[in-house]
Every structure is written in C-alpha cells, then in structure tokens.
>>> print(open('start-v2.csv').read())   # CSV, C-alpha atoms
chain,number,residue,atom,x,y,z
A,255,MET,CA,113.6,-12.8,44.5
A,256,SER,CA,114.8,-14.9,47.4
A,257,ASN,CA,117.0,-18.0,47.1
A,258,LEU,CA,115.2,-21.1,48.2
A,259,ASP,CA,116.9,-24.4,49.1
A,260,THR,CA,114.6,-26.9,47.4
A,261,GLY,CA,115.9,-29.9,49.4
A,262,ARG,CA,117.9,-33.0,48.7
A,263,VAL,CA,118.5,-36.6,49.7
A,264,ARG,CA,122.0,-37.2,51.1
A,265,VAL,CA,123.7,-40.6,51.1
A,266,ARG,CA,126.8,-40.8,53.2
A,267,LEU,CA,129.0,-43.8,53.0
A,268,ALA,CA,131.8,-45.0,55.3
A,269,CYS,CA,134.2,-47.6,54.1
A,270,ASP,CA,136.3,-49.9,56.2
A,271,ARG,CA,139.1,-51.4,54.1
A,272,ASP,CA,137.5,-52.9,51.0
A,273,ARG,CA,133.8,-52.7,52.1
A,274,VAL,CA,131.1,-50.2,52.8
A,275,SER,CA,130.8,-50.3,56.6
A,276,ALA,CA,128.1,-47.8,57.3
A,277,VAL,CA,125.4,-45.8,55.4
A,278,GLN,CA,123.6,-42.7,56.5
A,279,VAL,CA,120.6,-41.6,54.5
A,280,SER,CA,118.8,-38.3,55.2
A,281,SER,CA,116.2,-36.4,53.3
A,282,GLU,CA,115.9,-32.6,53.7
A,283,ARG,CA,113.2,-30.4,52.3
A,284,PRO,CA,111.6,-27.1,53.1
A,285,ASP,CA,108.6,-27.5,55.4
A,286,ALA,CA,105.6,-26.1,53.6
A,287,ALA,CA,103.6,-26.1,56.9
A,288,VAL,CA,105.3,-22.9,58.1
A,289,PHE,CA,104.0,-21.1,55.1
A,290,LEU,CA,100.5,-22.6,55.3
A,291,ARG,CA,99.7,-22.1,59.0
A,292,GLY,CA,97.3,-19.3,59.6
A,293,ARG,CA,96.4,-19.0,55.9
A,294,ASN,CA,92.9,-19.2,54.6
A,295,ALA,CA,92.3,-22.9,53.9
A,296,ASP,CA,91.0,-22.4,50.3
A,297,GLN,CA,94.1,-20.3,49.5
A,298,ALA,CA,96.4,-22.9,51.0
A,299,VAL,CA,94.8,-25.7,48.9
A,300,ARG,CA,95.2,-23.7,45.7
A,301,LEU,CA,98.8,-22.8,46.5
A,302,LEU,CA,100.3,-26.3,47.2
A,303,PRO,CA,100.2,-27.5,43.6
A,304,LEU,CA,102.0,-24.3,42.5
A,305,LEU,CA,104.9,-25.2,44.7
A,306,PHE,CA,105.1,-29.0,44.1
A,307,ALA,CA,104.7,-29.5,40.4
A,308,LEU,CA,106.5,-32.8,40.0
A,309,CYS,CA,103.3,-34.4,41.1
A,310,GLY,CA,101.1,-31.4,40.9
A,311,GLN,CA,97.9,-33.4,40.1
A,312,ALA,CA,98.5,-35.6,43.2
A,313,GLN,CA,99.2,-32.6,45.4
A,314,ALA,CA,96.2,-30.7,44.2
A,315,ARG,CA,93.8,-33.6,44.7
A,316,ALA,CA,95.3,-34.5,48.1
A,317,ALA,CA,94.9,-30.9,49.3
A,318,GLU,CA,91.3,-30.6,48.0
A,319,LEU,CA,90.2,-33.9,49.4
A,320,ALA,CA,91.9,-33.3,52.8
A,321,LEU,CA,90.1,-30.0,53.1
A,322,ALA,CA,86.8,-31.6,52.2
A,323,ALA,CA,87.4,-34.3,54.7
A,324,ALA,CA,88.1,-31.8,57.4
A,325,GLN,CA,84.7,-30.3,56.6
A,326,GLY,CA,83.2,-33.8,57.1
A,327,GLU,CA,83.2,-35.2,53.5
A,328,GLU,CA,84.6,-38.7,53.1
A,329,CYS,CA,85.9,-40.0,49.8
A,330,ALA,CA,86.0,-43.8,49.3
A,331,ALA,CA,89.1,-45.1,47.5
A,332,ARG,CA,88.8,-44.6,43.7
A,333,LEU,CA,91.0,-44.0,40.7
A,334,ASN,CA,91.4,-40.4,39.6
A,335,THR,CA,92.2,-39.9,35.9
A,336,GLY,CA,94.5,-36.9,36.3
A,337,VAL,CA,96.6,-38.5,39.0
A,338,GLN,CA,96.7,-41.7,37.1
A,339,CYS,CA,97.9,-39.9,34.0
A,340,GLU,CA,100.6,-38.1,36.0
A,341,MET,CA,101.7,-41.4,37.6
A,342,LEU,CA,101.9,-43.2,34.2
A,343,ARG,CA,104.0,-40.4,32.7
A,344,GLU,CA,106.5,-40.7,35.6
A,345,HIS,CA,106.7,-44.4,35.1
A,346,LEU,CA,107.3,-43.9,31.4
A,347,TRP,CA,110.1,-41.5,32.1
A,348,ARG,CA,111.8,-44.0,34.4
A,349,CYS,CA,111.2,-47.1,32.2
A,350,LEU,CA,111.9,-45.6,28.8
A,351,LEU,CA,114.6,-43.0,29.5
A,352,ASP,CA,116.3,-44.0,32.8
A,353,LEU,CA,116.2,-47.8,32.7
A,354,PRO,CA,117.6,-48.7,29.3
A,355,PRO,CA,121.0,-47.1,30.0
A,356,LEU,CA,121.2,-49.0,33.3
A,357,LEU,CA,121.0,-52.1,31.3
A,358,GLY,CA,123.5,-51.1,28.6
A,359,GLU,CA,120.7,-50.1,26.1
A,360,THR,CA,120.0,-46.7,24.5
A,361,ALA,CA,117.2,-44.5,26.0
A,362,MET,CA,113.9,-44.7,24.1
A,363,GLN,CA,113.4,-41.0,23.5
A,364,GLN,CA,111.0,-41.1,20.5
A,365,GLU,CA,109.0,-43.9,22.1
A,366,PHE,CA,108.7,-41.8,25.3
A,367,VAL,CA,107.4,-38.7,23.4
A,368,SER,CA,104.8,-40.8,21.7
A,369,ALA,CA,103.8,-42.8,24.8
A,370,ALA,CA,103.4,-39.7,27.0
A,371,LYS,CA,100.9,-38.5,24.4
A,372,TRP,CA,99.1,-41.8,24.3
A,373,VAL,CA,98.6,-41.7,28.0
A,374,ALA,CA,97.2,-38.2,27.9
A,375,ALA,CA,94.8,-39.1,25.1
A,376,GLU,CA,93.9,-42.5,26.8
A,377,LYS,CA,95.2,-44.4,23.7
A,378,ARG,CA,95.7,-47.6,25.7
A,379,GLY,CA,96.1,-49.9,22.7
A,380,GLU,CA,99.0,-48.0,21.3
A,381,LEU,CA,100.8,-48.1,24.7
A,382,ARG,CA,100.1,-51.8,24.9
A,383,THR,CA,101.7,-52.4,21.5
A,384,LEU,CA,104.8,-50.6,22.7
A,385,LEU,CA,105.0,-52.4,26.1
A,386,THR,CA,104.6,-55.8,24.5
A,387,GLY,CA,107.0,-55.0,21.6
A,388,PRO,CA,110.6,-56.2,21.2
A,389,ARG,CA,112.4,-53.4,23.0
A,390,ILE,CA,110.5,-53.6,26.2
A,391,THR,CA,110.5,-57.4,26.1
A,392,ARG,CA,114.3,-57.2,25.8
A,393,LEU,CA,114.4,-54.9,28.9
A,394,ARG,CA,112.3,-57.3,30.8
A,395,GLN,CA,114.6,-60.2,29.9
A,396,LEU,CA,117.7,-58.2,30.9
A,397,LEU,CA,116.0,-57.3,34.2
A,398,MET,CA,115.2,-60.9,34.9
A,399,GLN,CA,118.7,-62.1,34.1
A,400,ALA,CA,120.5,-59.3,35.9
A,401,SER,CA,122.9,-60.4,38.6
A,402,GLU,CA,122.3,-58.4,41.7
A,403,PRO,CA,123.8,-58.5,45.1
A,404,THR,CA,121.4,-60.1,47.5
A,405,CYS,CA,119.8,-57.8,50.0
A,406,PRO,CA,117.9,-58.5,53.2
A,407,ALA,CA,114.2,-58.5,52.3
A,408,HIS,CA,112.6,-55.5,53.9
A,409,ARG,CA,109.1,-54.3,54.6
A,410,LEU,CA,106.7,-53.0,52.0
A,411,LEU,CA,104.0,-50.6,53.1
A,412,PRO,CA,100.6,-52.3,52.7
A,413,THR,CA,98.0,-50.6,50.5
A,414,LEU,CA,95.9,-48.4,52.7
A,415,ASP,CA,93.0,-46.0,52.1
A,416,ALA,CA,92.4,-42.9,54.2
A,417,LYS,CA,90.0,-44.7,56.5
A,418,SER,CA,92.2,-47.7,57.2
A,419,SER,CA,95.2,-45.4,57.6
A,420,LEU,CA,93.5,-43.9,60.7
A,421,ALA,CA,93.9,-47.2,62.6
A,422,GLU,CA,97.7,-47.2,61.7
A,423,TRP,CA,98.3,-43.5,62.4
A,424,PRO,CA,95.5,-41.8,64.4
A,425,ARG,CA,97.1,-38.4,63.9
A,426,LEU,CA,100.1,-37.2,61.8
A,427,ASN,CA,102.7,-34.8,63.1
A,428,ALA,CA,105.8,-33.0,61.9
A,429,GLY,CA,108.1,-35.7,63.3
A,430,PHE,CA,106.2,-38.4,61.4
A,431,CYS,CA,106.4,-36.4,58.2
A,432,ARG,CA,110.2,-36.4,58.5
A,433,LEU,CA,110.6,-40.0,59.6
A,434,PRO,CA,107.4,-42.0,58.8
A,435,ASN,CA,107.1,-45.5,60.1
A,436,TRP,CA,104.7,-48.4,59.8
A,437,ARG,CA,104.3,-50.3,63.1
A,438,GLY,CA,107.5,-48.8,64.3
A,439,MET,CA,109.6,-49.7,61.3
A,440,ALA,CA,110.7,-48.3,58.0
A,441,ALA,CA,108.7,-49.5,55.0
A,442,GLU,CA,108.9,-48.9,51.3
A,443,THR,CA,106.1,-47.5,49.1
A,444,GLY,CA,105.7,-47.3,45.4
A,445,ALA,CA,104.7,-49.6,42.5
A,446,ILE,CA,106.4,-52.6,44.1
A,447,ALA,CA,104.5,-52.2,47.4
A,448,ARG,CA,101.2,-51.8,45.5
A,449,ARG,CA,101.8,-55.0,43.6
A,450,MET,CA,103.3,-57.4,46.1
A,451,PRO,CA,101.6,-59.1,49.0
A,452,GLU,CA,102.5,-57.6,52.4
A,453,ASN,CA,105.9,-58.4,53.7
A,454,GLU,CA,107.0,-60.2,50.5
A,455,ALA,CA,109.7,-57.8,49.5
A,456,ALA,CA,111.9,-59.3,46.8
A,457,ALA,CA,115.4,-59.9,47.9
A,458,SER,CA,116.5,-58.3,44.6
A,459,PRO,CA,117.3,-54.7,45.3
A,460,TRP,CA,116.3,-53.3,42.0
A,461,SER,CA,114.9,-55.5,39.2
A,462,ALA,CA,111.7,-56.2,41.0
A,463,ARG,CA,111.0,-52.5,41.4
A,464,TRP,CA,111.4,-51.9,37.7
A,465,LEU,CA,109.3,-54.8,36.7
A,466,ALA,CA,106.6,-53.5,39.1
A,467,ARG,CA,106.6,-50.2,37.2
A,468,LEU,CA,106.4,-51.9,33.9
A,469,ASP,CA,103.5,-54.1,35.1
A,470,GLU,CA,101.6,-51.0,36.4
A,471,LEU,CA,101.9,-49.5,32.9
A,472,LEU,CA,100.9,-52.7,31.3
A,473,ASP,CA,97.8,-53.0,33.5
A,474,TRP,CA,96.6,-49.6,32.5
A,475,SER,CA,97.3,-50.3,28.8
A,476,ALA,CA,95.1,-53.4,29.1
A,477,GLY,CA,92.3,-51.5,31.0
A,478,ASN,CA,93.1,-53.8,34.0
A,479,GLU,CA,94.0,-51.2,36.6
A,480,LYS,CA,92.2,-51.6,39.9
A,481,VAL,CA,91.5,-49.4,42.9
A,482,GLY,CA,94.7,-49.4,45.0
A,483,ALA,CA,96.9,-49.0,41.9
A,484,GLY,CA,98.8,-45.8,41.2
A,485,GLY,CA,96.3,-43.0,40.7
A,486,THR,CA,94.1,-44.1,43.7
A,487,VAL,CA,92.8,-41.3,45.9
A,488,SER,CA,90.8,-41.4,49.2
A,489,ALA,CA,90.0,-39.2,52.1
A,490,ALA,CA,88.5,-39.4,55.6
A,491,PRO,CA,87.6,-37.0,58.4
A,492,VAL,CA,90.1,-37.5,61.3
A,493,ALA,CA,88.3,-35.4,63.8
A,494,PRO,CA,86.0,-32.4,63.5
A,495,GLY,CA,88.0,-29.8,61.5
A,496,THR,CA,90.8,-32.3,60.7
A,497,GLY,CA,90.9,-34.3,57.4
A,498,ARG,CA,93.3,-36.7,55.8
A,499,ALA,CA,93.8,-37.6,52.1
A,500,LEU,CA,95.8,-40.4,50.6
A,501,VAL,CA,97.0,-40.5,47.0
A,502,GLU,CA,99.0,-43.2,45.3
A,503,THR,CA,101.6,-41.5,43.1
A,504,ALA,CA,104.3,-42.9,40.9
A,505,ARG,CA,106.8,-42.9,43.8
A,506,GLY,CA,104.3,-44.2,46.3
A,507,LEU,CA,102.0,-43.0,49.0
A,508,LEU,CA,101.4,-39.3,49.5
A,509,MET,CA,99.4,-38.2,52.6
A,510,HIS,CA,98.1,-34.8,53.4
A,511,GLU,CA,96.4,-33.9,56.8
A,512,ILE,CA,94.9,-30.5,57.3
A,513,VAL,CA,93.8,-29.1,60.7
A,514,LEU,CA,91.4,-26.2,60.5
A,515,ASP,CA,90.8,-23.4,62.9
A,516,GLY,CA,87.5,-22.0,61.5
A,517,GLU,CA,88.4,-21.1,57.9
A,518,ARG,CA,92.1,-21.0,58.5
A,519,VAL,CA,94.8,-23.6,58.5
A,520,ALA,CA,96.0,-24.4,62.0
A,521,ASP,CA,98.4,-27.0,60.8
A,522,TYR,CA,99.3,-28.9,57.7
A,523,MET,CA,101.2,-32.2,57.4
A,524,ILE,CA,102.5,-33.7,54.2
A,525,VAL,CA,104.1,-37.2,54.2
A,526,ALA,CA,105.8,-37.7,50.8
A,527,PRO,CA,106.9,-41.0,49.4
A,528,THR,CA,110.6,-40.0,49.4
A,529,GLU,CA,110.6,-39.9,53.2
A,530,TRP,CA,109.4,-43.5,53.2
A,531,ASN,CA,111.8,-44.7,50.5
A,532,PHE,CA,114.9,-42.8,51.7
A,533,HIS,CA,114.3,-43.5,55.4
A,534,PRO,CA,117.5,-43.8,57.4
A,535,ARG,CA,116.6,-47.5,58.0
A,536,GLY,CA,115.3,-48.1,54.5
A,537,MET,CA,116.5,-50.0,51.5
A,538,LEU,CA,119.8,-48.2,51.1
A,539,HIS,CA,120.6,-48.8,54.7
A,540,ASP,CA,119.8,-52.5,54.3
A,541,CYS,CA,121.5,-53.1,51.0
A,542,LEU,CA,124.7,-51.0,50.8
A,543,PRO,CA,126.7,-52.2,53.8
A,544,GLY,CA,129.2,-54.9,52.7
A,545,SER,CA,129.3,-53.6,49.1
A,546,ASP,CA,132.7,-53.8,47.4
A,547,ALA,CA,134.4,-50.4,47.9
A,548,ARG,CA,137.8,-51.1,46.2
A,549,ASP,CA,136.8,-49.1,43.2
A,550,ARG,CA,135.1,-45.8,44.1
A,551,ASP,CA,133.7,-45.3,40.5
A,552,VAL,CA,132.1,-48.8,40.5
A,553,LEU,CA,130.7,-48.2,43.9
A,554,GLU,CA,129.3,-44.8,42.9
A,555,ARG,CA,127.6,-46.4,39.9
A,556,HIS,CA,126.1,-49.1,42.1
A,557,VAL,CA,124.7,-46.5,44.6
A,558,ALA,CA,123.4,-44.3,41.7
A,559,ARG,CA,121.6,-47.3,40.3
A,560,LEU,CA,119.9,-48.1,43.6
A,561,VAL,CA,119.0,-44.4,44.1
A,562,VAL,CA,117.5,-44.1,40.6
A,563,THR,CA,115.6,-47.3,41.2
A,564,LEU,CA,114.0,-45.8,44.4
A,565,ASP,CA,113.4,-42.6,42.4
A,566,PRO,CA,113.7,-39.7,44.9
A,567,CYS,CA,111.6,-36.6,44.2
A,568,VAL,CA,114.4,-34.3,45.1
A,569,PRO,CA,118.1,-34.2,43.8
A,570,TRP,CA,120.5,-36.5,45.7
A,571,GLU,CA,124.1,-36.3,46.7
A,572,LEU,CA,126.7,-38.9,47.6
A,573,GLU,CA,129.2,-38.1,50.4
A,574,TRP,CA,132.1,-40.0,51.8
A,575,ALA,CA,132.6,-40.2,55.5
B,82,MET,CA,107.6,-33.5,46.7
B,83,CYS,CA,110.1,-31.5,44.8
B,84,LEU,CA,109.7,-27.8,44.5
B,85,GLY,CA,109.6,-26.6,41.0
B,86,ILE,CA,110.8,-23.2,39.7
B,87,PRO,CA,109.9,-21.2,36.6
B,88,MET,CA,112.7,-20.8,34.1
B,89,GLN,CA,112.9,-19.1,30.7
B,90,VAL,CA,114.4,-20.8,27.7
B,91,VAL,CA,117.5,-19.1,26.5
B,92,GLU,CA,118.9,-21.6,23.9
B,93,ILE,CA,117.7,-24.9,22.4
B,94,ASP,CA,120.2,-27.7,22.3
B,95,GLY,CA,118.5,-30.8,20.7
B,96,ALA,CA,116.3,-32.5,23.3
B,97,PHE,CA,117.6,-30.0,25.9
B,98,ALA,CA,117.4,-26.3,26.5
B,99,TRP,CA,119.5,-23.9,28.5
B,100,CYS,CA,117.2,-22.1,30.8
B,101,GLU,CA,117.5,-19.3,33.4
B,102,GLY,CA,115.3,-18.4,36.4
B,103,ARG,CA,115.6,-17.4,40.0
B,104,GLY,CA,119.3,-16.7,39.6
B,105,ARG,CA,120.1,-20.1,38.2
B,106,ARG,CA,121.1,-21.4,34.8
B,107,GLU,CA,120.3,-25.0,34.0
B,108,ARG,CA,120.2,-27.4,31.1
B,109,LEU,CA,116.7,-28.9,31.1
B,110,ASN,CA,115.3,-31.9,29.2
B,111,ILE,CA,112.5,-30.6,27.0
B,112,LEU,CA,111.2,-33.9,25.6
B,113,LEU,CA,107.8,-33.5,27.3
B,114,LEU,CA,107.0,-30.2,25.5
B,115,ASP,CA,106.1,-29.3,22.0
B,116,ASP,CA,107.2,-26.1,20.3
B,117,VAL,CA,109.8,-24.8,22.8
B,118,SER,CA,111.7,-21.7,21.7
B,119,PRO,CA,113.8,-19.1,23.3
B,120,GLY,CA,111.7,-16.8,25.5
B,121,VAL,CA,109.2,-19.5,26.5
B,122,TRP,CA,108.7,-20.0,30.3
B,123,VAL,CA,108.8,-23.5,31.6
B,124,TYR,CA,108.3,-25.2,34.9
B,125,ALA,CA,111.6,-26.9,35.9
B,126,VAL,CA,111.7,-29.9,38.2
B,127,LEU,CA,114.6,-32.3,38.6
B,128,GLY,CA,116.3,-31.3,35.3
B,129,GLN,CA,113.1,-31.5,33.3
B,130,ALA,CA,110.9,-28.9,31.8
B,131,ARG,CA,107.5,-30.2,32.9
B,132,GLU,CA,105.1,-27.7,31.3
B,133,LYS,CA,105.0,-24.4,29.6
B,134,LEU,CA,103.9,-21.4,31.8
B,135,THR,CA,102.1,-18.2,31.0
B,136,ALA,CA,103.6,-15.0,32.4
B,137,GLN,CA,100.8,-14.8,34.9
B,138,ARG,CA,101.6,-18.3,36.2
B,139,VAL,CA,105.3,-17.4,36.4
B,140,TYR,CA,104.4,-14.5,38.6
B,141,GLU,CA,102.1,-16.6,40.9
B,142,ILE,CA,104.6,-19.4,41.3
B,143,ASN,CA,107.5,-17.0,42.0
B,144,LEU,CA,105.4,-15.2,44.6
B,145,ALA,CA,104.6,-18.5,46.2
B,146,LEU,CA,108.3,-19.5,46.3
B,147,ASP,CA,109.2,-16.1,47.7
B,148,GLY,CA,106.5,-16.6,50.3
B,149,LEU,CA,107.8,-20.0,51.3
B,150,ALA,CA,111.4,-18.7,51.5
B,151,ALA,CA,110.2,-15.8,53.7
B,152,ALA,CA,108.3,-18.1,56.0
B,153,LEU,CA,111.3,-20.4,56.3
B,154,GLN,CA,113.4,-17.4,57.3
B,155,GLY,CA,111.0,-16.6,60.0
B,156,GLU,CA,109.0,-13.7,58.4
B,157,SER,CA,105.6,-13.6,60.0
B,158,SER,CA,103.8,-11.1,57.7
B,159,LEU,CA,103.0,-13.3,54.7
B,160,ASP,CA,99.8,-11.8,53.4
B,161,ALA,CA,101.6,-10.1,50.4
B,162,TYR,CA,102.5,-13.6,49.1
B,163,PHE,CA,98.9,-14.8,48.9
B,164,PRO,CA,97.2,-13.3,45.8
B,165,ASP,CA,93.7,-14.5,44.9
B,166,LEU,CA,94.8,-17.5,42.9
B,167,PRO,CA,92.4,-19.0,40.3
B,168,LEU,CA,91.7,-22.8,40.7
B,169,ARG,CA,94.0,-24.9,38.6
B,170,PRO,CA,92.1,-27.1,36.1
>>> encode(input="start-v2.csv", output="structure tokens")
Amino acid sequence: MSNLDTGRVRVRLACDRDRVSAVQVSSERPDAAVFLRGRNADQAVRLLPLLFALCGQAQARAAELALAAAQGEECAARLNTGVQCEMLREHLWRCLLDLPPLLGETAMQQEFVSAAKWVAAEKRGELRTLLTGPRITRLRQLLMQASEPTCPAHRLLPTLDAKSSLAEWPRLNAGFCRLPNWRGMAAETGAIARRMPENEAAASPWSARWLARLDELLDWSAGNEKVGAGGTVSAAPVAPGTGRALVETARGLLMHEIVLDGERVADYMIVAPTEWNFHPRGMLHDCLPGSDARDRDVLERHVARLVVTLDPCVPWELEWA
Amino acid sequence: MCLGIPMQVVEIDGAFAWCEGRGRRERLNILLLDDVSPGVWVYAVLGQAREKLTAQRVYEINLALDGLAAALQGESSLDAYFPDLPLRP
C-alpha cells in the first residue's frame, strides 16, 4: 500500500521587528488528472468521489454533469438535494463545533449531532428552532460585537453558472486549477460570496464570513433557499467532447472540466474552492501583513482563526521565514 | 478537495476514536456516526470519521488511492487500479 501525500495549505510568515512583514500562501495537492487521463470516462466519473469524500456528493455530481455536458447535455442551474445536504452539514460543523470556541463558548456537540440528522431528514422546522434559539443568537451577537483588525476589502467571486462561466474562462487548464483568477485577480468564493453583492467584501476579515454561513443555514431552515445558494449545480458543453460543471459547495465554487477523446478521458481539470480562498494574493495575503508579531502565540492564534474562517479542505501548516 | 482514507477503529475515546489505516494512526472525531465500535471501517477526512465503510468499499478506495499514488510516481500502466466500480447512490 503506497504512501500518498494528501496535500496541504502552507502559510509562511516573515516578521520585521514587531510586525508581520510578508505572507506567502501556497496550496499543494495531488493532481488527480494524471490518474484520469486515458481512462474510460465512465470509470473516471465513478472514481472521483471515492477519492474526494469530504464533498463526495459535490464531486460525484460535478463529474457526472461534466461528462454529460461533454456529450452535449446542458444542465441549467438548479438546487441538488444531496449536494445541499452535504453543504449544510459542513456549515453545521463549522458553526456549531468550530465557531463557539473561537468566541470563548463551548462547542455545541449534542446540537450538532441532532442538527446533522435534521438536515438529512429534511426536518427544517427543528433546525430553525435551533438557529433562532438562545445559543445561536448569542453567537451572532458576539460575532457582531467582535473587534477585528480592519482588512482591505477584497474581491468576491460573483455567482456564476456553467454557461456564464464560459464567458469568464473559455477553457480551463492545469495552471488555472492551481492559481485560479477572476478577471486577472484573486477572488474569494463561499457562502459570503454567494450572499453579498459583487465587490462588496466586508472589511471584517472573519465575522461576516461566519454570519454568511449561519444565514445560509437559516435560509434552508425557512425553505427560502434560492438557485445560486450552496447546493446549486449546473453544466454546459464547452466544445464538442468537452464539458464543464459548476457546483456550489460549503467552501465555495467547485468546477470540473472533462475533455473526451472518444470514450476516454483526454484531460480533466478540477478547480477547488481552496485554490480560490488560499490564493497567494487572497485574504491572508491582504489581512496578515502589519499584524502584531510581538507574541508568537497570540499571532499563531490570530492566523489559525483566519484560516478556520476560510475553511481549507486540506490540512494546513504555519511556517516562519 | 481533500483526499480521504479508509481507517479501522481500534479504540473508542468518548466522541473520538483511535483509528489505523494506510500506515497511519489518528484520533478521529466520530460525532457524525452512530454505533461505532472497534473493528468498524470509517472514511477519514480532516480528522473526522465521515461515514462507515464496508470491506468492499475499503478495498475499492484503497485501490483508487494506490492508483493515484502510482500515477503521481510516473507509473503508466494503471489498468490494475480500475476495477468495475458500481455507481455510488
């Protein structure tokens, strides 16, 4: 059984006297395309969700829809129940287990276990009672009162479906998968981007992102979710034999593009949300320089809080230059 | 887009379980799963046990991970890593 490096996000900080002077962010992951090229397309599509189980539903639907699009079948943007359920479960994990300790509260383990079951069983009313109850209301208040360092507002990726994405990116390639950009610049994806008007990134580096996740959960619990929210899927033919699918996951936009050579995969591109959100010119690059570096422990906690807020889908490491 | 790995539960420790798989030993959060006991196979991603796995599924996932590792090391003959997989529900 071979050892496999499953990838990571690296955050490298340089400090100049008492301040952070430079930040390098990189994301490394195994390139699944090398494994998929030359395979039978149906096999490849069944294999991907086996490898990438964190958002297995999203990966499975993206792969199937991209293949169908390559065979000429378009899919207009619509909500997919399985992807939606997976997205909601991820938001619940973040908001009930990860967020409370960041605010000095205890993690809501029992609530999480119940809520994950309500989502799976579509018991929206029960979730709504939890989300509008005293503990979540308190988390919301703490988020709104939290003092945060100001951060230059940066770009949010607009909500796109597969067809409209063709105008932005006529074709995807391996370089774009590693360093995706929107109109030449880094852009952030995720619940905050889905919920805020274009270019209106909050100056607050983290509370707005948590509130956006809570609001996405609340929308579903009230039956108010709309196409474009987490759980949205779409697909479009790019060219004969090439298809692209877009899926809105908890962490943001996932894109698959498959290029067929007959029944075989000639090439396969996956652009994952972590590559947008941990872009070398992304939020960490904008927000961390200038941070107080006198106490390394305090600084480490500050970095960890920002990283958890952006929610990478691979483990992360902090390094000092 | 995190790669997951199959791991077998060795010891339960409250909301966590010590698990082993692919040469690693990790303490996984098992809150998402009911009735976890030693011997059960789970899918491990980012410190969480995401779902329980059958022995057949463990075999398929390990084969896929071995195939990916082989491809990344430049191996060109990958047919052995592609069994006839059933469609996931």
>>> atom_distance(input="start-v2.csv", atom1="CA of Val277 (chain A)", atom2="CA of Met398 (chain A)")
27.4 Å
>>> residues_around(input="start-v2.csv", residues="Ala151 (chain B)", least_positions_apart="3", cutoff="10 Å", atoms="all atoms listed in the file", output="VMD selection string")
(chain A and resid 256 to 258 288 to 289) or (chain B and resid 145 to 148 154 to 159 162)
>>> closest_atom_pairs(input="start-v2.csv", of="chain A", to="chain B", cutoff="6 Å", atoms="all atoms listed in the file", output="tab-separated table")
residue	atom	partner	partner_atom	distance
A:Ser256	CA	B:Asp147	CA	5.7
A:Leu258	CA	B:Ala150	CA	5.6
A:Thr260	CA	B:Leu84	CA	5.8
A:Phe289	CA	B:Ala152	CA	5.3
A:Leu304	CA	B:Ile142	CA	5.7
A:Leu305	CA	B:Leu84	CA	5.5
A:Phe306	CA	B:Leu84	CA	4.8
A:Ala307	CA	B:Gly85	CA	5.7
A:Cys567	CA	B:Cys83	CA	5.3
A:Val568	CA	B:Cys83	CA	5.1
>>> atom_distance(input="start-v2.csv", atom1="CA of Arg448 (chain A)", atom2="CA of Met537 (chain A)")
16.5 Å
>>> closest_residue(input="start-v2.csv", among="B:Trp122, B:Ala130, B:Gln137, B:Pro87", to="Arg108 (chain B)", atoms="only C-alpha atoms")
B:Ala130
>>> residues_around(input="start-v2.csv", residues="region 442-447 of chain A", least_positions_apart="4", cutoff="9 Å", atoms="only C-alpha atoms", output="JSON, numbers by chain")
{"A": [408, 409, 410, 411, 412, 413, 451, 452, 453, 454, 455, 462, 463, 464, 465, 466, 467, 469, 470, 483, 484, 502, 503, 504, 505, 506, 507, 527, 528, 530, 531, 532, 533, 536, 537, 564]}
>>> write_last_selection(input="start-v2.csv", atoms="C-alpha atoms", output="CSV table (one decimal), in the coordinates of the input")
chain,number,residue,atom,x,y,z
A,408,HIS,CA,112.6,-55.5,53.9
A,409,ARG,CA,109.1,-54.3,54.6
A,410,LEU,CA,106.7,-53.0,52.0
A,411,LEU,CA,104.0,-50.6,53.1
A,412,PRO,CA,100.6,-52.3,52.7
A,413,THR,CA,98.0,-50.6,50.5
A,451,PRO,CA,101.6,-59.1,49.0
A,452,GLU,CA,102.5,-57.6,52.4
A,453,ASN,CA,105.9,-58.4,53.7
A,454,GLU,CA,107.0,-60.2,50.5
A,455,ALA,CA,109.7,-57.8,49.5
A,462,ALA,CA,111.7,-56.2,41.0
A,463,ARG,CA,111.0,-52.5,41.4
A,464,TRP,CA,111.4,-51.9,37.7
A,465,LEU,CA,109.3,-54.8,36.7
A,466,ALA,CA,106.6,-53.5,39.1
A,467,ARG,CA,106.6,-50.2,37.2
A,469,ASP,CA,103.5,-54.1,35.1
A,470,GLU,CA,101.6,-51.0,36.4
A,483,ALA,CA,96.9,-49.0,41.9
A,484,GLY,CA,98.8,-45.8,41.2
A,502,GLU,CA,99.0,-43.2,45.3
A,503,THR,CA,101.6,-41.5,43.1
A,504,ALA,CA,104.3,-42.9,40.9
A,505,ARG,CA,106.8,-42.9,43.8
A,506,GLY,CA,104.3,-44.2,46.3
A,507,LEU,CA,102.0,-43.0,49.0
A,527,PRO,CA,106.9,-41.0,49.4
A,528,THR,CA,110.6,-40.0,49.4
A,530,TRP,CA,109.4,-43.5,53.2
A,531,ASN,CA,111.8,-44.7,50.5
A,532,PHE,CA,114.9,-42.8,51.7
A,533,HIS,CA,114.3,-43.5,55.4
A,536,GLY,CA,115.3,-48.1,54.5
A,537,MET,CA,116.5,-50.0,51.5
A,564,LEU,CA,114.0,-45.8,44.4
>>> closest_residue(input="start-v2.csv", among="A:Gly495, A:Arg555, A:Leu471, A:Val265", to="Asp515 (chain A)", atoms="only C-alpha atoms")
A:Gly495
>>> residues_around(input="start-v2.csv", residues="Val90 (chain B)", least_positions_apart="4", cutoff="9 Å", atoms="only C-alpha atoms", output="ChimeraX atom specification")
/B:98-101,117-123
>>> closest_residue(input="start-v2.csv", among="A:Asp551, A:Glu328, A:Glu380, A:Glu517", to="Ser488 (chain A)", atoms="all atoms listed in the file")
A:Glu328
>>> residues_near_point(input="start-v2.csv", point="(119.9, -47.2, 55.8)", cutoff="6 Å", atoms="all atoms listed in the file", output="PDB file with C-alpha atoms, keeping the file's coordinate frame")
ATOM      1  CA  VAL A 277     125.400 -45.800  55.400  1.00  0.00           C
ATOM      2  CA  GLN A 278     123.600 -42.700  56.500  1.00  0.00           C
ATOM      3  CA  VAL A 279     120.600 -41.600  54.500  1.00  0.00           C
ATOM      4  CA  PRO A 534     117.500 -43.800  57.400  1.00  0.00           C
ATOM      5  CA  ARG A 535     116.600 -47.500  58.000  1.00  0.00           C
ATOM      6  CA  GLY A 536     115.300 -48.100  54.500  1.00  0.00           C
ATOM      7  CA  LEU A 538     119.800 -48.200  51.100  1.00  0.00           C
ATOM      8  CA  HIS A 539     120.600 -48.800  54.700  1.00  0.00           C
ATOM      9  CA  ASP A 540     119.800 -52.500  54.300  1.00  0.00           C
TER      10      ASP A 540
END
>>> atom_distance(input="start-v2.csv", atom1="CA of Ala440 (chain A)", atom2="CA of Leu560 (chain A)")
17.1 Å
>>> closest_residue(input="start-v2.csv", among="A:Glu511, A:Glu327, A:Asp352, A:Glu422", to="Val561 (chain A)", atoms="only C-alpha atoms")
A:Asp352
